[in-house]
Structure formats: C-alpha cells, structure tokens
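Engineer: The structure under discussion is supplied below as structure tokens; questions concerning it will follow.
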Amino acid sequence: MKKMYLILWASLLWTIPFQLFAQPKTSNQIPIREAVPATEIFRTLPYLQRPINNEITICWETNVPVVSWVEYGKNGKLDQKKYLYADGQMICNNTRHHFRLSGLEPGETYSYRVCSKEITLYEPYKKEFGNTAISATYTFTLPKQGEQDFTVLLFNDLHSRFDTMDSFAQIIEEQQIDYDFVIFNGDCIDDVNREERAIEVLNHLNKLADASNKPYFFLRGNHEIRGAYSIEMRKLFDYIGQTTYGAFNWGDTRFVTLDCGEDKPDSTWVYYDLNDFSRFRLDQATFLSNELASPEFQQAKRRVLVHHIPIYGSPEKSYTPCFDLWNPLLKDAPFDICFNAHWHRFIYYPKGEVGNNFPVILGGGPKPESACMLILKKEGEKMTFRAIGTDGKEKLKLEL
C-alpha cells in the first residue's frame with residue numbers, strides 16, 4: 001500500500017506546471033533596449049543658463065537614458081571634464097541634464113561640448129551601454145568683474161510663433177547684431193499641454209538666441225502658467241534661486257526680474273482653486289524690498305527692471321494687484337528702464353507719464369506686424385535702447 005501511495009504522489013507531481021518551481025521574475029528587472037544611433041540621442045542642442053557668480057549652467061535633453069558629461073577648457077582646449085554626482089552616486093540613466101560649471105575666470109572665453117552615452121540596461125549587478133553622442137564645440141564668455149559694456153536682446157509674447165522667431169533670427173544675422181545674452185520676457189511658450197510641444201518650441205527659442213553660445217534668462221508670463229505641462233516646464237530652465245524671479249549683475253549693471261503670475265484673481269473659476277499668486281506676489285514684495293536695499297543694487301552703475309505684466313499704464317479696470325503691492329517700493333526706485341509685455345502692443349511711457357519713476361517699454365505681440373525685438377546696449381557710462389520690428393526697421397531709439 002505504501003508503494004502505491006508513492007507511485008500516485010510521483011504521478012501528481014508531473015501534472016504540476018513546471019513554472020511554479022521556476023525563480024519568480026522580480027519587478028525591477030528591465031529588459032535590454034536596442035541601442036539607438038548616436039545621431040538620435042540628443043533631443044536638444046546644449047543651451048546656456050544662469051551665467052552668474054563666475055558660473056554657468058549647460059542644459060540639454062536626450063531621447064534615451066544616458067550617462068552624460070561636459071568637456072571644457074580655455075584657449076580652445078577641452079582639457080577638463082565634468083560629471084555629476086549626488087551623495088557619491090553618479091547622476092545618470094536620465095534624459096534631462098543640467099551641468100553647473102563653477103570656478104570659471106571672468107572675462108575668459110571657454111570652449112565646451114556635451115557628451116551622452118546611452119544606457120541600454122541598468123540593473124543592480126549589470127549595466128550595458130549603447131552609442132555615444134558628442135555635440136559640436138561651442139564657446140561662452142562670462143563678463144569681467146565691473147565690466148561696463150554689454151548688449152542684451154529682449155523678446156516677449158512670441159506665443160510659439162516660429163515665423164516671428166525666424167524673422168528676428170534673420171535680422172540678427174543680416175544686421176550682424178552682436179550681443180552678450182538674451183532675456184525672454186514671458187508668453188514665449190504658449191499654453192503647453194505636452195512635453196513634446198514644449199521641447200519643440202524650446203528648440204526654436206534656443207536657435208533664435210544662439211543659446212549654445214549665448215546664455216539666456218527665461219522669465220515666465222501668464223501663458224507659461226497654463227496647460228497640463230506648465231508645472232513641469234520650469235524644470236527645463238535653471239532659475240536664479242530656483243524660483244521664477246530674482247536679480248543678477250552683468251558687469252556693473254543690476255537686473256531685477258519679477259513674476260506677476262496670472263492676469264486674473266486666484267478665485268477665477270478657470271483656475272479651479274489651484275493657484276495662490278496672492279501669496280507669491282507678497283513673497284516678491286519682501287524680495288523687492290530687500291533687493292532695493294542690498295549693496296549689489298545700491299552700488300550698481302545702472303539698474304534694469306524686467307517683468308511680463310505691466311504695473312504702470314494698464315487699461316482701466318485691469319486686474320493690477322502688483323501695483324498695489326509693489327508700487328510703494330518702485331515709485332522712488334532708481335531704475336534706468338523697465339521692460340514689460342502682455343498687451344501685444346509696442347508702447348513707450350517716458351518717465352512720469354503714468355506715475356512711473358523710470359521709462360517703461362512694452363514689447364509687441366506675436367504676429368509679425370506687431371512683434372518687436374528690444375535691444376539694450378551699454379558702452380561705458382552710456383546706455384541706449386532700440387526697438388526693431390520684423391521688417392528690420394527701427395521703431396524707437398532712446399539714450400538713457
């Protein structure tokens with residue numbers, strides 16, 4: 001009888017699926033991807049951000065997870081290499097790359113290129129790699145301490161219009177306009193719902209700014225606040241102090257940038273109680289008060305204010321909470337000029353015309369017939385401003 005039970009038990013074992021005895025597959029095992037060609041690794045060209053304190057950030061995006069590094073150096077050499085680490089671990093297997101180069105010498109021209117090697121497999125005990133993409137070599141120059149001369153280009157309300165961007169890029173080339181950096185003053189990337197669209201517009205803005213060689217500051221307008229991707233879009237840029245307002249020096253000139261938030265009250269139904277710009281503006285009132293009293297502001301030779309929605313000269317019955325909060329601080333502030341946008345019209349308010357203690361310029365709109373490129377230039381003690389339309393003709397020239 002015992003022998004019969006053993007035979008029966010053995011026969012039952014054969015009916016149990018073999019898979020039950022196999023090692024279960026853990027959830028963190030990732031299959032190997034096929035390597036993409038090196039030409040398909042970069043999603044954007046490198047673009048330069050936050051050129052302050054003898055440092056600069058080089059940003060780029062890739063289509064696949066990679067390990068990345070920057071090669072850079074002076075005098076045309078690429079004899080230094082930068083990797084990123086966090087708590088002893090290399091930051092890799094990612095697609096967004098922000099490399100901060102520090103300890104740079106002011107006034108020196110640096111060459112650099114970015115490199116990304118695809119990671120096709122990243123497991124606890126095994127890594128596999130694909131091809132390596134290497135960018136062209138670019139250059140950048142940080143201002144010298146106390147530098148007096150610069151040229152900055154300002155654009156606003158481009159609203160993702162590639163035809164307008166292309167027109168200005170052509171003018172810059174044809175008129176051989178030399179400049180040191182660019183400021184995008186809001187509503188340049190328009191109501192973005194998808195990352196793919198944000199990257200598409202970003203690539204066009206980078207081309208307009210020649211951002212692989214010239215740094216730019218990206219200021220947020222009210223339309224960059226809207227859309228499903230709006231919160232994530234801030235990660236594309238390297239903001240001063242990791243917030244969308246701030247201040248910086250270019251040589252002996254102080255730039256102060258503010259973020260007015262949305263153009264309607266937080267209680268407006270379309271915001272679904274997801275905004276709190278009232279507190280955000282209060283925070284900036286504190287920042288502005290401290291900034292105006294700071295040695296950096298007080299000792300600057302020239303001072304420039306930039307924000308998207310105007311405080312002065314807005315149409316009657318407009319929503320203007322920034323005026324109530326910030327005008328008590330700005331009404332006596334010694335700015336040389338203020339750049340605004342938002343109303344899609346080019347407007348010039350001389351000092352004192354609408355209660356402003358400094359000249360105010362409103363850039364144009366997105367359509368080629370209303371768009372403007374604003375050019376602020378400083379040579380020694382002299383500062384001048386020009387506005388140019390997409391036809392290449394000068395709309396206004398001022399000596400400040």
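Labels for the structure tokens follow display order: chains A, B, ..., residues from 1 in each chain, ligands from 1.
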Near Val201 in chain A, counting only C-alpha atoms, which residues have an atom at most 12 Å away, once you skip same-chain residues fewer than 2 positions from it, shown as a count of residues only?

Structural biologist: 28

Engineer: Give me the residues within 12 Å of Asn94 in chain A as a list in words, counting only C-alpha atoms and dropping any in the same chain fewer than 4 places off.

Structural biologist: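 My list of contacting residues is Ile41, Trp60, Glu61, Thr62, Asn63, Val64, Pro65, Val66, Val67, Ser68, Leu84, Met90, His98, Ser116, Lys117, Glu118, Ile119, Thr120 and Tyr122 of chain A.
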
Engineer: Using only C-alpha atoms, can you tell me which of A:Val70, A:Leu48, A:Leu288, A:Cys115 comes closest to Phe217 in chain A?

Structural biologist: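 When distances to Phe217 in chain A are compared using only C-alpha atoms, the smallest one comes from A:Leu48.
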
Engineer: Report as JSON, numbers by chain: the residues of range 17-130 of chain A with a DSSP assignment of strand (DSSP E or B), based on the backbone of this structure.

Structural biologist: {"A": [42, 47, 48, 49, 56, 57, 58, 59, 60, 61, 62, 63, 64, 65, 66, 67, 68, 69, 70, 71, 72, 73, 74, 80, 81, 82, 85, 86, 89, 90, 94, 95, 96, 97, 98, 99, 100, 101, 109, 110, 111, 112, 113, 114, 115, 116, 117, 118, 119, 120, 121, 122, 123, 126, 127, 128, 129, 130]}

Engineer: Could you please determine the separation between CA of Asn213 in chain A and CA of Glu108 in chain A in Å, to one decimal place?

Structural biologist: 13.6 Å

Engineer: Using only C-alpha atoms, can you tell me which of A:Phe287, A:Phe150, A:Phe181, A:Phe248 comes closest to Lys378 in chain A?

Structural biologist: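 Among the listed residues, A:Phe150 lies closest to Lys378 in chain A.
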